[in-house]
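Following: one structure in structure tokens, then a few remarks.
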Amino acid sequence: MSELRLENVRKEFGSETAVSELSLTADGDLLVLVGPSGCGKSTTLRMIAGLEQPTDGKIFIDGEDVTRRSPSGRSIAMVFQNYALYRTMNVRKNIGYGLKHSSALSKSERIEKVEEIAEMFGISELLDREVSALSGGQKQRVALGRALVRDPDVFLLDEPLSSLDAKLRSQMRTELQRIQQELGVTTIYVTHDQKEAMTMSDRLAVMNDGELQQIGSPEATYVRPENRFVASFLGSPAMNFLDIDVERRNGHTRYLLDSHELVRVSDDTQAIDRPIQLGIRPEDLTLLDDPDDGATTGTVRHVEYQGNDSFVRLEVNGRIVTCVVPASVRPRQGDSVGLNFPPDQIHLFDMDAGDAIRSPSVDASDTRIETGPSTTEGNETDSRGANR
Amino acid sequence: MAEQRRKPSESSSLSESSASGAVHVDGLTKQYDDVVAVSDLDLHVEPGELLVLLGPSGCGKTTTLRSIAGLEHVTDGTIHFDDEDVTRQAPQRRDVAMVFQSYALYPHKTVRGNLQFPLRKTDISGTEATERVEEIAELLEMETHLDTRPAQLSGGQRQRVAVGRALVRQPHLLCMDEPLSNLDAKLRVETRSELRQLQQRLGITTIYVTHDQEEAMSIADRIAVMNDGRIEQVGTPEDVYERPANEFVASFVGDPPMNFCDPDDVQAAGIETPQSAAGSPDTIGIRPEYIYPTDSRGEPAAGDRVEVDRPSDPVVLTVELIEPVGRAYEIQLTGHGLDLVARLRTRPDDVTEGDSSEFVFDLDRLTTFNDAGEVV
């Protein structure tokens, strides 16, 4: 297990800042970098690998400054989307190639190592096959095996699964996760695929415009995004945002959409004296067939059936609001329905800065959410890690 | 996109749906040397319908679309647009508009210029052309961007212009091949619902190719699920999801996919297995969302507005993994030889990884397959 640490890393290309003041640490866990294209995640990965030089800042592996070291001078393995296997070699030689330059191992040790890793990836029977005779999934396994056979300190993956089809991808995801945990190798994984990011990671680092937005367990990041970008980036369909007015009266706080009351909360003690945006996840909204007088109502504009769920687009006071309902609920286009905004699921964001100023309240289940499902004894697994 | 001469149109109103627009494909076969890409395929698309060709890569969906558009010579079979046999017609004579993954807009032309371009070889000109461009821009909600160049537009806006450009000629048929795959996930979800609403407003017959089952379910009137050059099933999204014809369709449609179990294991778990006149099933399929944890009274904790029609007896299973995937949780369960994924809308109370817990199955929602993989 090796600790990877980035300290105030910055990368400029000409006048463009690709990554700015990035600090993060990974130690034996699987950290996923997500963000839209151009957010700086791949540049970050390439700096860790030594393929790009940071303009400023430092990169440490196990406390040793490797910032100026060549890629081959760092104990790092990298796997890309395209497998880049040697076509003229069989599987055994492809995997063994990674060991060719490690003189520390004897020939028999090398053979053993290759077989061990092949077994781990379930490709033992393929060792003598030509690469051209392999399927996409098998090729990707060979590429991963070749990278890991060297016991790297840090394992870097750049969208390694994106050329596989959905079924294979989900299989490989589980497999990769298992192997990473077995080996305990510090792993940085770059993807733009949210589901991949949510399910693979011990911790999730969300980037935008070269800046780290939030780092924490996938669940904590989803449930309590620290700003509007993270809130809108994670989740499909995306969180609904509504410009609201906040009114305080008799110990209540009312959130108003065009002077219509959407939600009333009694516990809110925060002083809010700036323009506010309300956020609510589509799955947290509930549809009501027989709304009470004064309830929020909307007209069904469009329904997308998904098998297990349906996405319902409603027009509410001229805004489009998306709601996820079980597929057994079948609203029809043109229906008028009530809409409930559960007060404990409301997010509030500062309109201008975008910072979260209210997140869904903490309850018993949050103790689990805070730690995340599969984190190690880490000390920065919760979402507040980003504020350090 | 192939430029084509358009027959003079009776109507200038884009939003007026036409009664024509049917597509009939009969016995279509397309062979490349000794590889059969599409094999004896029949497909009938109703006027105004949006039909999705869905399948894994290499299933023949794009070849089918390209054959209908005239971009491939068919080896065998016929293609009719309404009553007209177009099988041997050149693509530019077929009155088909294509939209691909790459938008291929002219970068130096404005949105207006791009939208107007397909009309230049038609008899639509002058104020009529201007009106039509403005009408389509309004439908696309791009009327304020008419003088903008593509570089200044977002990916979603560019794709809308590409669609608008395809539609401005009011073609008989709109063909789209993975039109959203260049967009990021969020934009894809937004744009697909816009596309669908636009298509419905215009009532233009559309064939849409994708490998993304979620996209297919969201926008289709009907889905043709393809595999190995053949159509496995054609039906509404509800049909293919809730009444799949076979194991392939059941496994391809749905995320997370259906669980496939050995009936002996299902029985060993104490779940009543459906019997039919055709004998005992070879495989039992269980959709992840029809597995529920139990509440403190031993009843299925199905959540708000979900009815469990016929709950099984509680089954004790080991919770291997709880994966939060955003709006749901995917839970891996093992026990009695079963290896299952359950999908829950909320994080289950009192369920932790590594522990055993009780779950119930909706017996009315089990699917049974025979040894040929067909639903019985």
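Quick note on naming: the chains in the structure tokens go A, B, ... in the order shown, residues restart at 1 in each chain, and ligands are numbered from 1 in order of appearance.
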
For chain B against chain A, which residues fall within 6 Å using only C-alpha atoms, given as a VMD selection string?
chain B and resid 217 to 218 241 323 325 to 326

Please identify all polymer residues within 9 Å of segment 297-303 of chain B, counting only C-alpha atoms, omitting same-chain residues fewer than 2 positions from it, and present them as JSON, numbers by chain.
{"B": [290, 291, 292, 293, 294, 295, 305, 306, 307, 308, 311, 314, 344, 345, 346, 348, 358, 359, 360, 361]}

Create the file for the chosen residues now, containing C-alpha atoms and written as a PDB file, in the first residue's frame.
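Okay, this is what ended up in again_28.pdb:
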```pdb
ATOM      1  CA  TYR B 290     -39.398  -7.075  -7.510  1.00  0.00           C
ATOM      2  CA  ILE B 291     -37.216  -8.152  -4.603  1.00  0.00           C
ATOM      3  CA  TYR B 292     -38.088  -6.347  -1.378  1.00  0.00           C
ATOM      4  CA  PRO B 293     -36.657  -6.291   2.123  1.00  0.00           C
ATOM      5  CA  THR B 294     -39.167  -7.003   4.894  1.00  0.00           C
ATOM      6  CA  ASP B 295     -40.293  -4.529   7.499  1.00  0.00           C
ATOM      7  CA  ARG B 305     -47.011   3.654  -4.206  1.00  0.00           C
ATOM      8  CA  VAL B 306     -45.628   0.231  -5.017  1.00  0.00           C
ATOM      9  CA  GLU B 307     -47.942  -2.732  -4.680  1.00  0.00           C
ATOM     10  CA  VAL B 308     -46.650  -6.244  -4.198  1.00  0.00           C
ATOM     11  CA  PRO B 311     -45.510 -11.774  -1.985  1.00  0.00           C
ATOM     12  CA  PRO B 314     -39.650 -14.414   3.410  1.00  0.00           C
ATOM     13  CA  LEU B 344     -34.338  -0.552  -3.859  1.00  0.00           C
ATOM     14  CA  ARG B 345     -35.494   3.048  -4.002  1.00  0.00           C
ATOM     15  CA  THR B 346     -34.284   3.880  -0.510  1.00  0.00           C
ATOM     16  CA  PRO B 348     -33.059  -0.290   3.584  1.00  0.00           C
ATOM     17  CA  GLU B 358     -35.188 -11.375   5.012  1.00  0.00           C
ATOM     18  CA  PHE B 359     -36.416 -10.599   1.518  1.00  0.00           C
ATOM     19  CA  VAL B 360     -39.637 -11.302  -0.335  1.00  0.00           C
ATOM     20  CA  PHE B 361     -40.272 -11.743  -4.042  1.00  0.00           C
TER      21      PHE B 361
END
```

Distance criterion (only C-alpha atoms): nearest to Tyr32 of chain B out of B:Asp262, B:Glu72, B:Glu49, B:Glu289:
B:Glu72

With a distance cut-off of 12 Å and only C-alpha atoms, select the neighbouring residues of Lys100 of chain A, excluding the residue or stretch itself and same-chain residues fewer than 5 positions from it, and output the selection as a list in words.
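Listed by chain and then number, they are Lys93, Asn94, Ile95, Leu105, Ser106, Lys107, Glu109, Arg110, Ile111, Lys113, Val114, Arg146, Val149 and Arg150 of chain A.
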
Shell around Met226 of chain B at 7 Å using only C-alpha atoms, local window under 5 positions removed, as an MDAnalysis selection string:
chainID B and resid 53:55 59 61 231:232

Any chance you can output those residues with all heavy atoms as a tab-separated table (two decimals), in the first residue's frame?
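In the end it all went to again.tsv:
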```tsv
chain	number	residue	atom	x	y	z
B	53	LEU	N	-34.55	0.98	-33.18
B	53	LEU	CA	-33.84	-0.28	-33.38
B	53	LEU	C	-32.80	-0.36	-32.27
B	53	LEU	O	-31.89	0.46	-32.20
B	53	LEU	CB	-33.16	-0.31	-34.75
B	53	LEU	CG	-34.06	-0.28	-35.98
B	53	LEU	CD1	-33.21	-0.14	-37.25
B	53	LEU	CD2	-34.90	-1.54	-36.05
B	54	LEU	N	-32.97	-1.34	-31.39
B	54	LEU	CA	-32.12	-1.45	-30.20
B	54	LEU	C	-31.38	-2.77	-30.23
B	54	LEU	O	-31.97	-3.82	-30.51
B	54	LEU	CB	-33.00	-1.37	-28.94
B	54	LEU	CG	-32.35	-1.66	-27.60
B	54	LEU	CD1	-31.40	-0.55	-27.18
B	54	LEU	CD2	-33.41	-1.86	-26.51
B	55	GLY	N	-30.10	-2.74	-29.90
B	55	GLY	CA	-29.35	-3.98	-29.82
B	55	GLY	C	-27.89	-3.73	-29.56
B	55	GLY	O	-27.43	-2.58	-29.64
B	59	CYS	N	-25.30	-6.07	-34.12
B	59	CYS	CA	-26.56	-6.80	-34.22
B	59	CYS	C	-27.27	-6.55	-35.54
B	59	CYS	O	-28.24	-7.20	-35.87
B	59	CYS	CB	-27.49	-6.44	-33.06
B	59	CYS	SG	-28.21	-4.80	-33.20
B	61	LYS	N	-28.39	-3.35	-36.49
B	61	LYS	CA	-29.34	-2.24	-36.43
B	61	LYS	C	-28.96	-1.10	-37.36
B	61	LYS	O	-29.80	-0.54	-38.05
B	61	LYS	CB	-29.52	-1.76	-34.99
B	61	LYS	CG	-28.25	-1.34	-34.27
B	61	LYS	CD	-28.51	-1.10	-32.78
B	61	LYS	CE	-27.33	-0.47	-32.06
B	61	LYS	NZ	-26.09	-1.25	-32.08
B	231	ILE	N	-34.65	-9.62	-35.67
B	231	ILE	CA	-35.45	-8.94	-34.67
B	231	ILE	C	-35.94	-9.98	-33.66
B	231	ILE	O	-36.56	-10.97	-34.04
B	231	ILE	CB	-36.64	-8.20	-35.32
B	231	ILE	CG1	-36.11	-7.02	-36.13
B	231	ILE	CG2	-37.61	-7.71	-34.24
B	231	ILE	CD1	-37.18	-6.21	-36.81
B	232	GLU	N	-35.63	-9.76	-32.40
B	232	GLU	CA	-36.06	-10.70	-31.36
B	232	GLU	C	-37.48	-10.41	-30.91
B	232	GLU	O	-38.21	-11.29	-30.51
B	232	GLU	CB	-35.12	-10.60	-30.15
B	232	GLU	CG	-33.67	-10.91	-30.46
B	232	GLU	CD	-33.38	-12.41	-30.42
B	232	GLU	OE1	-34.26	-13.17	-30.00
B	232	GLU	OE2	-32.27	-12.79	-30.82
```

Could you list, as a ChimeraX atom specification, every residue within 9 Å of Val142 of chain A, counting only C-alpha atoms and ignoring same-chain residues fewer than 3 positions away?
/A:83,85,91-92,94-95,118,121,123,131,137-139,145-147

Using only C-alpha atoms, which of B:Ser280, B:Thr206, B:Gln157, B:Gln213 sits nearest Ala69 of chain B?
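Under the stated criterion, the closest residue is B:Thr206.
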
Restricting the calculation to only C-alpha atoms: of A:Val230, A:Asp355, A:Ser259, A:Gln333, which residue gets closest to Asn317 of chain A?
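Comparing A:Val230, A:Asp355, A:Ser259, A:Gln333 against Asn317 of chain A, the winner is A:Ser259.
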
Using DSSP on the backbone coordinates, identify the residues of segment 192-267 of chain B assigned to helix (DSSP H, G or I); present them as number ranges by chain.
B: 192-202, 213-219, 237-242, 247-252, 263-267

May I have the residues within 10 Å of Gln200 of chain B as a ChimeraX atom specification, using only C-alpha atoms and disregarding those fewer than 3 positions away in the same chain?
/B:15,17,48-50,194-197,203-206

Output all heavy atoms for every residue in that selection, as a compact mmCIF listing (two decimals), in the first residue's frame.
```txt
# COMPACT_ATOMS: atom_id res chain seq x y z
N SER B 15 -45.89 21.80 -38.66
CA SER B 15 -46.46 21.08 -37.54
C SER B 15 -47.65 20.22 -37.94
O SER B 15 -48.21 19.52 -37.14
CB SER B 15 -46.86 22.06 -36.43
OG SER B 15 -47.48 23.15 -37.01
N SER B 17 -49.21 17.13 -39.24
CA SER B 17 -48.76 15.76 -39.44
C SER B 17 -49.44 15.20 -40.68
O SER B 17 -50.57 15.53 -41.01
CB SER B 17 -49.07 14.90 -38.23
OG SER B 17 -50.46 14.77 -38.10
N GLY B 48 -45.89 8.51 -38.61
CA GLY B 48 -45.79 9.34 -37.42
C GLY B 48 -45.18 8.66 -36.22
O GLY B 48 -45.02 9.26 -35.16
N GLU B 49 -44.84 7.41 -36.39
CA GLU B 49 -44.33 6.64 -35.27
C GLU B 49 -42.83 6.87 -35.08
O GLU B 49 -42.09 7.11 -36.02
CB GLU B 49 -44.58 5.16 -35.55
CG GLU B 49 -44.10 4.23 -34.45
CD GLU B 49 -44.39 2.76 -34.75
OE1 GLU B 49 -44.28 2.36 -35.92
OE2 GLU B 49 -44.71 2.03 -33.81
N LEU B 50 -42.36 6.75 -33.82
CA LEU B 50 -40.93 6.71 -33.57
C LEU B 50 -40.58 5.28 -33.19
O LEU B 50 -40.98 4.79 -32.13
CB LEU B 50 -40.52 7.69 -32.46
CG LEU B 50 -39.00 7.95 -32.35
CD1 LEU B 50 -38.75 9.30 -31.66
CD2 LEU B 50 -38.24 6.87 -31.61
N GLU B 194 -36.45 16.38 -25.43
CA GLU B 194 -36.76 17.44 -26.40
C GLU B 194 -36.99 16.86 -27.79
O GLU B 194 -37.94 17.25 -28.48
CB GLU B 194 -35.60 18.44 -26.48
CG GLU B 194 -35.51 19.35 -25.29
CD GLU B 194 -34.19 20.12 -25.28
OE1 GLU B 194 -33.44 20.06 -26.29
OE2 GLU B 194 -33.94 20.77 -24.27
N LEU B 195 -36.10 15.95 -28.17
CA LEU B 195 -36.22 15.31 -29.49
C LEU B 195 -37.57 14.62 -29.64
O LEU B 195 -38.24 14.73 -30.65
CB LEU B 195 -35.14 14.23 -29.64
CG LEU B 195 -33.84 14.59 -30.29
CD1 LEU B 195 -32.99 13.34 -30.48
CD2 LEU B 195 -34.11 15.24 -31.63
N ARG B 196 -37.92 13.90 -28.59
CA ARG B 196 -39.17 13.15 -28.61
C ARG B 196 -40.37 14.09 -28.74
O ARG B 196 -41.29 13.84 -29.53
CB ARG B 196 -39.27 12.32 -27.33
CG ARG B 196 -40.60 11.66 -27.11
CD ARG B 196 -40.97 10.76 -28.28
NE ARG B 196 -42.09 9.89 -27.93
CZ ARG B 196 -42.81 9.24 -28.82
NH1 ARG B 196 -42.53 9.36 -30.11
NH2 ARG B 196 -43.79 8.46 -28.44
N GLN B 197 -40.34 15.18 -27.98
CA GLN B 197 -41.48 16.09 -28.03
C GLN B 197 -41.58 16.77 -29.39
O GLN B 197 -42.67 16.97 -29.92
CB GLN B 197 -41.39 17.11 -26.89
CG GLN B 197 -41.58 16.43 -25.54
CD GLN B 197 -41.45 17.37 -24.36
OE1 GLN B 197 -42.24 18.27 -24.20
NE2 GLN B 197 -40.44 17.17 -23.55
N GLY B 203 -45.03 14.98 -35.96
CA GLY B 203 -45.64 13.75 -36.45
C GLY B 203 -44.87 13.12 -37.58
O GLY B 203 -45.43 12.50 -38.47
N ILE B 204 -43.55 13.25 -37.54
CA ILE B 204 -42.76 12.69 -38.63
C ILE B 204 -42.29 11.27 -38.28
O ILE B 204 -41.81 11.02 -37.18
CB ILE B 204 -41.56 13.61 -38.95
CG1 ILE B 204 -40.78 13.07 -40.13
CG2 ILE B 204 -40.62 13.76 -37.76
CD1 ILE B 204 -39.83 14.05 -40.71
N THR B 205 -42.48 10.37 -39.22
CA THR B 205 -42.06 8.98 -39.02
C THR B 205 -40.55 8.93 -38.79
O THR B 205 -39.79 9.52 -39.55
CB THR B 205 -42.40 8.13 -40.26
OG1 THR B 205 -43.76 8.38 -40.61
CG2 THR B 205 -42.20 6.65 -39.99
N THR B 206 -40.14 8.25 -37.74
CA THR B 206 -38.73 8.27 -37.36
C THR B 206 -38.24 6.88 -37.00
O THR B 206 -38.91 6.14 -36.28
CB THR B 206 -38.52 9.21 -36.14
OG1 THR B 206 -39.00 10.51 -36.48
CG2 THR B 206 -37.06 9.30 -35.74
```

Give me, please, the distance in Å between atom CA of Glu247 of chain B and atom CA of Gly373 of chain B, quoted to one decimal.
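Computing the Euclidean distance for atom CA of Glu247 of chain B and atom CA of Gly373 of chain B yields 5.1 Å.
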
Excluding Leu183 of chain B and its own-chain neighbours fewer than 4 positions away, which residues fall within 8 Å of it when counting only C-alpha atoms? Please give them as a VMD selection string.
chain B and resid 155 to 156 187 to 188

For a quick check of understanding, using only C-alpha atoms, which of A:Ala49, A:Cys39, A:Ala231, A:Val265 has the smallest distance to Ile188 of chain A?
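Counting only C-alpha atoms, the residue closest to Ile188 of chain A is A:Ala49.
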
One decimal, in Å: what's the spacing between atom CA of Asn246 of chain B and atom CA of Ala372 of chain B?
8.6 Å

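For the choices B:Val38, B:Leu65, B:Ile136, B:Val96, the atom-to-atom distance to Phe81 of chain B is smallest for B:Val96 when using only C-alpha atoms.
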